[in-house]
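Student: Mind having a look at this structure? Questions to follow.
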Amino acid sequence: MATTSPSQQLLEKIVSLAKRRGFIFQSSEIYGGLNGCWDYGPLGVEMLRNLKEAWWRAMISRGDIEGLDASILMHPRVWEASGHVQNFSDPMVDCRECKSRYRVDHLFSEMSEKRLKAISKAANLESALSHTLVMESKDLTKEQLAEVLTSMVEKSSTLFAELVAKELIACPNCGRVGMLTEPRNFNLMFETYIGPVKDAANAVYLRPETAQGIFVNFMNVWQSARQKIPFGICQIGKSFRNEINTKNFLFRTREFEQMEMQFFCKRGMDEHLFESWRETRWNWWLALGMPEHKLRFHPHEKLAHYAKAAGDIEFEFPFGFGEIEGIHNRTDFDLTRHQEFSGKSMQVLDDETKEKYTPYVIETAAGASRGFMAFLCNGYKEETVNGEQRTVLRLHPFLAPIKVAVLPLVNKDGMPELAQSLERDLRKTMRSFYDDSGAVGRRYRRMDEIGTPFAVTIDSDTLHDQTVTIRERDSMQQVRIAMGQVKSYIAERITL
RNA sequence: GCGGGAGUAACUCAGUUGGUAGAGUCACAGCCUUCCAAGCUGUUGGUCGCGGGUUCGAGUCCCGUCUCCCGCUCCA
């Protein structure tokens with residue numbers, strides 16, 4: 001029997017509840033499942049839609065952000081321009097002795113300068129440099145040496161193996177020399193083919209991020225929507241990454257949904273806007289019920305090739321802190337690259353100074369799937385009430401898949417009929433649920449477990465004075481109001 | 001990709017040295033029940049993850065494979 005940590009058990013309970021109640025099923029389960037893919041069940045899809053709706057409204061209601069829904073398949077050149085073709089595949093090697101795996105660039109960057117020099121000599125770096133750069137190897141810094149060597153290894157299929165054979169590269173873990181395999185490329189982008197012929201010339205990628213769909217449409221949106229800089233473009237959609245390993249339920253999957261916004265501004269405003277968006281996005285998570293102590297902002301020290309500043313909003317999952325949203329100052333990198341690769345101008349005119357410039361971009365990239373899981377984990381609580389245990393999902397009412405349950409206290413005296421008619425009426429404006437099976441306490445608990453914030457109960461008083469009780473999920477307190485006010489009472493309390 | 005653990009009903013699990021699958025919960029149909037899951041009756045549901053092998057006979061033993069979890073690695 002495996003020893004399982006409390007946090008592991010917690011995650012297992014959440015996964016189990018998610019399946020039992022119809023939030024999340026494993027993809028293709030009857031065929032044994034598909035690694036790292038999950039399906040949203042009836043309650044899951046409602047909750048996910050609510051989450052995306054909350055985000056969409058927060059973006060669009062500002063007035064300075066336009067929506068977009070770009071195609072998942074894009075021109076292959078997009079990913080050359082974005083740097084994904086080059087940077088999204090990392091050559092990796094394994095140690096035959098101790099089975100450790102390394103990225104080649106990490107291998108080089110961890111080496112001593114002396115070792116790098118020795119390898120440079122063996123790799124005949126000078127001649128490689130002579131026809132590409134004016135520099136000589138002795139002028140290169142340690143970091144530059146590592147970088148050049150990495151790119152040489154990437155270009156040559158045999159170089160790394162030769163260096164290993166000359167016993168110049170040791171495994172950092174076990175220290176054995178000559179045990180590393182040839183580099184293998186791990187391309188993190190999914191590839192498919194346009195048209196019925198599977199041919200390299202027809203290859204396209206499933207987008208690894210939604211951002212590029214926004215960048216390539218920047219000019220279209222700018223001109224058609226009549227927005228003035230600064231303004232943003234936002235988009236919700238699926239992205240795909242062929243991860244080596246999937247992990248932790250919905251957290252690391254190969255197919256996931258993003259909620260991305262790119263805010264275009266003039267250079268000079270970018271640093272202020274980065275801070276401002278960081279705060280705006282932080283507060284958005286809080287407004288949906290995230291407690292501040294479960295969140296943290298993690299600034300990136302090692303920046304990606306496109307970024308000037310970057311950081312993540314992280315949530316404390318049962319397995320530890322994990323990113324739920326990234327905020328990046330992408331500078332003018334993407335637009336500049338697309339201008340270069342497409343030959344189309346990405347510049348705008350400053351009305352005051354009459355100068356043309358390429359806008360800077362602040363990106364906020366939230367994970368819809370990860371956010372969903374974060375709210376599920378955050379909401380899950382086991383409580384003891386009067387000696388009995390109850391499981392409750394403390395979801396913000398806006399996120400809750402079902403807003404209200406309507407229950408006849410007992411199944412007689414016309415209570416079921418009255419309750420059914422109330423439920424039919426509520427159903428027109430909100431997700432509601434009628435339940436008459438078992439004791440009322442059991443029904444309350446069932447609703448707690450799926451996060452339903454309100455339960456309306458029809459009792460004998462209802463029959464003669466048209467009042468009902470409304471029970472609130474978290475406090476379990478009840479108030480009695482006129483049946484005619486139920487709709488407005490709940491509507492007021494399920495808004496953001 | 002490596003190492004460890006696990007996979008039996010929708011969920012949580014039991015199943016002895018191999019002898020044609022069980023419990024509780026849930027769900028469903030009723031009964032009971034006037035406010036917080038524990039009453040009664042009945043019912044549905046499993047080729048024991050999948051595929052091979054050994055055997056007269058495999059949930060149980062062996063091999064392969066898939067999936068989930070943990071660690072390493074990875075996470076532009």
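All residue names refer to the structure tokens as shown: chains lettered A, B, ... in order, residues numbered from 1 in each chain, ligands numbered from 1 in order.
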Return as JSON lines the residues of chain B lying at most 12 Å from region 21-24 of chain A, together with the closest atom-to-atom pair for each and the distance in Å to one decimal, counting only C-alpha atoms (C1' of nucleotides), with rows in chain order and ascending residue number.

Tutor:
{"residue": "B:A10", "atom": "C1'", "partner": "A:Arg21", "partner_atom": "CA", "distance": 9.3}
{"residue": "B:C11", "atom": "C1'", "partner": "A:Arg21", "partner_atom": "CA", "distance": 9.7}
{"residue": "B:C26", "atom": "C1'", "partner": "A:Arg21", "partner_atom": "CA", "distance": 10.0}
{"residue": "B:A27", "atom": "C1'", "partner": "A:Arg21", "partner_atom": "CA", "distance": 11.2}

Student: Just to be explicit: take each residue in the selection above, keep N, CA and C atoms (P, O5', C5', C4', C3', O3' and C1' of nucleotides), and write the result as a compact mmCIF listing (two decimals), in the first residue's frame.

Tutor:
# COMPACT_ATOMS: atom_id res chain seq x y z
P A B 10 -19.35 1.03 -12.74
O5' A B 10 -19.17 2.52 -12.21
C5' A B 10 -19.09 3.62 -13.12
C4' A B 10 -19.35 4.88 -12.32
C3' A B 10 -18.57 4.97 -11.03
O3' A B 10 -17.34 5.62 -11.22
C1' A B 10 -20.88 5.26 -10.59
P C B 11 -16.03 5.05 -10.45
O5' C B 11 -16.24 5.60 -8.98
C5' C B 11 -16.15 7.00 -8.69
C4' C B 11 -16.32 7.22 -7.21
C3' C B 11 -15.41 6.39 -6.32
O3' C B 11 -14.15 7.01 -6.16
C1' C B 11 -17.62 6.18 -5.56
P C B 26 -26.12 6.89 0.53
O5' C B 26 -25.77 7.13 -1.01
C5' C B 26 -24.93 8.21 -1.38
C4' C B 26 -24.66 8.15 -2.87
C3' C B 26 -25.88 8.10 -3.77
O3' C B 26 -26.44 9.38 -3.97
C1' C B 26 -24.32 6.48 -4.48
P A B 27 -28.01 9.53 -4.24
O5' A B 27 -28.19 8.77 -5.62
C5' A B 27 -27.60 9.28 -6.81
C4' A B 27 -27.95 8.38 -7.97
C3' A B 27 -29.43 8.06 -8.10
O3' A B 27 -30.12 9.08 -8.78
C1' A B 27 -28.18 6.07 -8.25

Student: Return as a ChimeraX atom specification the full set of residues in region 145-382 of chain A whose backbone-based DSSP assignment is alpha helix (DSSP H).

Tutor: /A:145-155,159-165,211-216,218-225,270-287,333-342,368-379

Student: Hey, what's within 10 Å of region 343-358 of chain A if we count only C-alpha atoms (C1' of nucleotides) and toss same-chain stuff fewer than 4 positions away? As a PyMOL selection string, please?

Tutor: chain A and resi 215-219+222+228-229+264-267+331-339

Student: Generate the output file for the selected residues, N, CA, C and O atoms, as an mmCIF file, in the first residue's frame.

Tutor:
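Output below, filename part-v9.cif:
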data_model
loop_
_atom_site.group_PDB
_atom_site.id
_atom_site.type_symbol
_atom_site.label_atom_id
_atom_site.label_comp_id
_atom_site.auth_asym_id
_atom_site.auth_seq_id
_atom_site.Cartn_x
_atom_site.Cartn_y
_atom_site.Cartn_z
ATOM 1 N N PHE A 215 -1.886 38.806 -31.897
ATOM 2 C CA PHE A 215 -0.860 39.643 -32.525
ATOM 3 C C PHE A 215 -1.065 39.758 -34.032
ATOM 4 O O PHE A 215 -0.960 40.844 -34.599
ATOM 5 N N VAL A 216 -1.356 38.632 -34.662
ATOM 6 C CA VAL A 216 -1.477 38.697 -36.124
ATOM 7 C C VAL A 216 -2.739 39.443 -36.547
ATOM 8 O O VAL A 216 -2.851 39.881 -37.690
ATOM 9 N N ASN A 217 -3.686 39.600 -35.625
ATOM 10 C CA ASN A 217 -4.896 40.357 -35.932
ATOM 11 C C ASN A 217 -4.871 41.779 -35.387
ATOM 12 O O ASN A 217 -5.882 42.479 -35.442
ATOM 13 N N PHE A 218 -3.723 42.154 -34.856
ATOM 14 C CA PHE A 218 -3.653 43.464 -34.212
ATOM 15 C C PHE A 218 -4.153 44.589 -35.124
ATOM 16 O O PHE A 218 -5.012 45.386 -34.751
ATOM 17 N N MET A 219 -3.629 44.635 -36.343
ATOM 18 C CA MET A 219 -4.004 45.713 -37.254
ATOM 19 C C MET A 219 -5.480 45.645 -37.634
ATOM 20 O O MET A 219 -6.157 46.667 -37.726
ATOM 21 N N TRP A 222 -7.492 46.848 -34.618
ATOM 22 C CA TRP A 222 -7.239 48.270 -34.374
ATOM 23 C C TRP A 222 -8.066 49.125 -35.335
ATOM 24 O O TRP A 222 -8.700 50.097 -34.948
ATOM 25 N N LYS A 228 -8.368 53.364 -29.850
ATOM 26 C CA LYS A 228 -7.121 54.121 -29.847
ATOM 27 C C LYS A 228 -6.171 53.503 -28.829
ATOM 28 O O LYS A 228 -6.588 53.029 -27.785
ATOM 29 N N ILE A 229 -4.901 53.528 -29.160
ATOM 30 C CA ILE A 229 -3.911 53.009 -28.217
ATOM 31 C C ILE A 229 -3.838 53.938 -27.010
ATOM 32 O O ILE A 229 -3.857 55.151 -27.203
ATOM 33 N N PHE A 264 -2.121 46.752 -25.802
ATOM 34 C CA PHE A 264 -1.154 47.452 -26.653
ATOM 35 C C PHE A 264 -0.985 48.891 -26.191
ATOM 36 O O PHE A 264 -1.965 49.609 -26.006
ATOM 37 N N CYS A 265 0.262 49.293 -26.027
ATOM 38 C CA CYS A 265 0.491 50.639 -25.524
ATOM 39 C C CYS A 265 1.765 51.200 -26.143
ATOM 40 O O CYS A 265 2.496 50.510 -26.849
ATOM 41 N N LYS A 266 1.987 52.466 -25.858
ATOM 42 C CA LYS A 266 3.195 53.093 -26.354
ATOM 43 C C LYS A 266 4.349 52.772 -25.420
ATOM 44 O O LYS A 266 4.156 52.644 -24.216
ATOM 45 N N ARG A 267 5.502 52.602 -25.996
ATOM 46 C CA ARG A 267 6.679 52.342 -25.175
ATOM 47 C C ARG A 267 6.824 53.468 -24.147
ATOM 48 O O ARG A 267 6.629 54.628 -24.467
ATOM 49 N N THR A 331 7.018 43.491 -24.511
ATOM 50 C CA THR A 331 7.652 44.568 -25.291
ATOM 51 C C THR A 331 7.057 44.626 -26.701
ATOM 52 O O THR A 331 5.916 44.258 -26.914
ATOM 53 N N ASP A 332 7.871 45.061 -27.680
ATOM 54 C CA ASP A 332 7.374 45.076 -29.058
ATOM 55 C C ASP A 332 7.887 43.847 -29.812
ATOM 56 O O ASP A 332 7.864 43.793 -31.027
ATOM 57 N N PHE A 333 8.350 42.852 -29.017
ATOM 58 C CA PHE A 333 8.958 41.666 -29.632
ATOM 59 C C PHE A 333 8.053 41.020 -30.678
ATOM 60 O O PHE A 333 8.445 40.833 -31.837
ATOM 61 N N ASP A 334 6.828 40.680 -30.275
ATOM 62 C CA ASP A 334 5.970 39.899 -31.167
ATOM 63 C C ASP A 334 5.573 40.673 -32.419
ATOM 64 O O ASP A 334 5.646 40.158 -33.538
ATOM 65 N N LEU A 335 5.137 41.921 -32.221
ATOM 66 C CA LEU A 335 4.718 42.705 -33.389
ATOM 67 C C LEU A 335 5.898 42.955 -34.322
ATOM 68 O O LEU A 335 5.766 42.905 -35.547
ATOM 69 N N THR A 336 7.061 43.215 -33.744
ATOM 70 C CA THR A 336 8.244 43.441 -34.568
ATOM 71 C C THR A 336 8.588 42.198 -35.385
ATOM 72 O O THR A 336 8.885 42.279 -36.576
ATOM 73 N N ARG A 337 8.535 41.080 -34.723
ATOM 74 C CA ARG A 337 8.843 39.825 -35.425
ATOM 75 C C ARG A 337 7.832 39.556 -36.546
ATOM 76 O O ARG A 337 8.212 39.155 -37.644
ATOM 77 N N HIS A 338 6.558 39.778 -36.264
ATOM 78 C CA HIS A 338 5.562 39.541 -37.312
ATOM 79 C C HIS A 338 5.732 40.530 -38.461
ATOM 80 O O HIS A 338 5.482 40.210 -39.622
ATOM 81 N N GLN A 339 6.163 41.729 -38.130
ATOM 82 C CA GLN A 339 6.441 42.708 -39.179
ATOM 83 C C GLN A 339 7.579 42.218 -40.057
ATOM 84 O O GLN A 339 7.500 42.261 -41.282
#

Student: Counting only C-alpha atoms (C1' of nucleotides), which residues from chain A have an atom at most 9 Å from any atom of chain B, and could you show them as a ChimeraX atom specification?

Tutor: /A:1-4,8,12,16-17,19-20,29,31-35,83-84,86-90,94,98-103,243-245,247-249,252,304-305,385,388-390,409-411,438-446,457,459-460,476

Student: Tell me, as an MDAnalysis selection string, which residues lie within 10 Å of G18 (chain B), counting only C-alpha atoms (C1' of nucleotides); anything in the same chain fewer than 2 positions away does not count.

Tutor: chainID B and resid 55 57:58 60:61

Student: Could you please take those selected residues and save N, CA and C atoms (P, O5', C5', C4', C3', O3' and C1' of nucleotides) as a tab-separated table (two decimals), in the first residue's frame?

Tutor:
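Writing the result to selection-v1.tsv gives the following:
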chain	number	residue	atom	x	y	z
B	55	U	P	0.76	-25.30	-19.17
B	55	U	O5'	-0.35	-25.39	-18.04
B	55	U	C5'	0.00	-25.80	-16.72
B	55	U	C4'	-1.17	-25.64	-15.80
B	55	U	C3'	-2.47	-26.28	-16.27
B	55	U	O3'	-2.51	-27.66	-16.01
B	55	U	C1'	-2.90	-24.08	-15.47
B	57	G	P	-6.92	-24.91	-18.35
B	57	G	O5'	-7.69	-24.20	-17.13
B	57	G	C5'	-9.08	-23.89	-17.27
B	57	G	C4'	-9.63	-23.41	-15.96
B	57	G	C3'	-8.95	-22.19	-15.36
B	57	G	O3'	-9.42	-20.99	-15.94
B	57	G	C1'	-9.24	-23.82	-13.68
B	58	A	P	-8.42	-19.72	-16.09
B	58	A	O5'	-8.11	-19.28	-14.59
B	58	A	C5'	-9.14	-18.82	-13.71
B	58	A	C4'	-8.67	-17.57	-13.00
B	58	A	C3'	-8.46	-16.38	-13.93
B	58	A	O3'	-8.71	-15.19	-13.20
B	58	A	C1'	-6.42	-16.94	-12.94
B	60	U	P	-5.20	-12.46	-12.04
B	60	U	O5'	-4.76	-12.75	-10.55
B	60	U	C5'	-4.25	-11.70	-9.71
B	60	U	C4'	-4.02	-12.22	-8.32
B	60	U	C3'	-2.98	-13.34	-8.23
B	60	U	O3'	-2.15	-13.14	-7.11
B	60	U	C1'	-5.06	-14.09	-7.36
B	61	C	P	-0.76	-12.40	-7.38
B	61	C	O5'	0.05	-13.50	-8.21
B	61	C	C5'	0.81	-14.50	-7.54
B	61	C	C4'	1.57	-15.33	-8.55
B	61	C	C3'	2.18	-14.55	-9.72
B	61	C	O3'	3.42	-13.95	-9.36
B	61	C	C1'	1.07	-16.45	-10.56

Student: Please provide as a compact mmCIF listing (two decimals) with C-alpha atoms, in the first residue's frame all residues within 8 Å of Ala374 (chain A), with the sequence filter that same-chain residues fewer than 5 positions apart are discarded (counting only C-alpha atoms (C1' of nucleotides)).

Tutor:
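For reference, part.txt as written:
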# COMPACT_ATOMS: atom_id res chain seq x y z
CA PHE A 315 -2.40 29.41 -6.19
CA PHE A 317 -2.88 23.71 -4.76
CA ILE A 324 -2.76 30.12 -12.64

Student: What does the structure give for the distance between CA of Asn283 (chain A) and CA of Ala58 (chain A), in Å to one decimal?

Tutor: 11.0 Å

Student: DSSP says strand (DSSP E or B) for which residues of region 133-318 of chain A? Put them as a PyMOL selection string?

Tutor: chain A and resi 170+177+180+184-187+191-193+203-206+231-240+247+252+255-265+295-299+309-317

Student: Please identify all polymer residues within 8 Å of Ala309 (chain A), counting only C-alpha atoms (C1' of nucleotides), omitting same-chain residues fewer than 2 positions from it, and present them as a PyMOL selection string.

Tutor: chain A and resi 300+303+307+311+328-330

Student: Point out the residue among A:Phe319, A:Phe190, A:Phe231, A:Trp79 with the least atom-to-atom distance to Arg254 (chain A), counting only C-alpha atoms.

Tutor: A:Phe190

Student: Just the residues within 12 Å of C63 (chain B), please, counting only C-alpha atoms (C1' of nucleotides), with nothing from its chain fewer than 3 positions along; format it as a list of chain:residue names.

Tutor: B:G51, B:G52, B:G53, B:U54
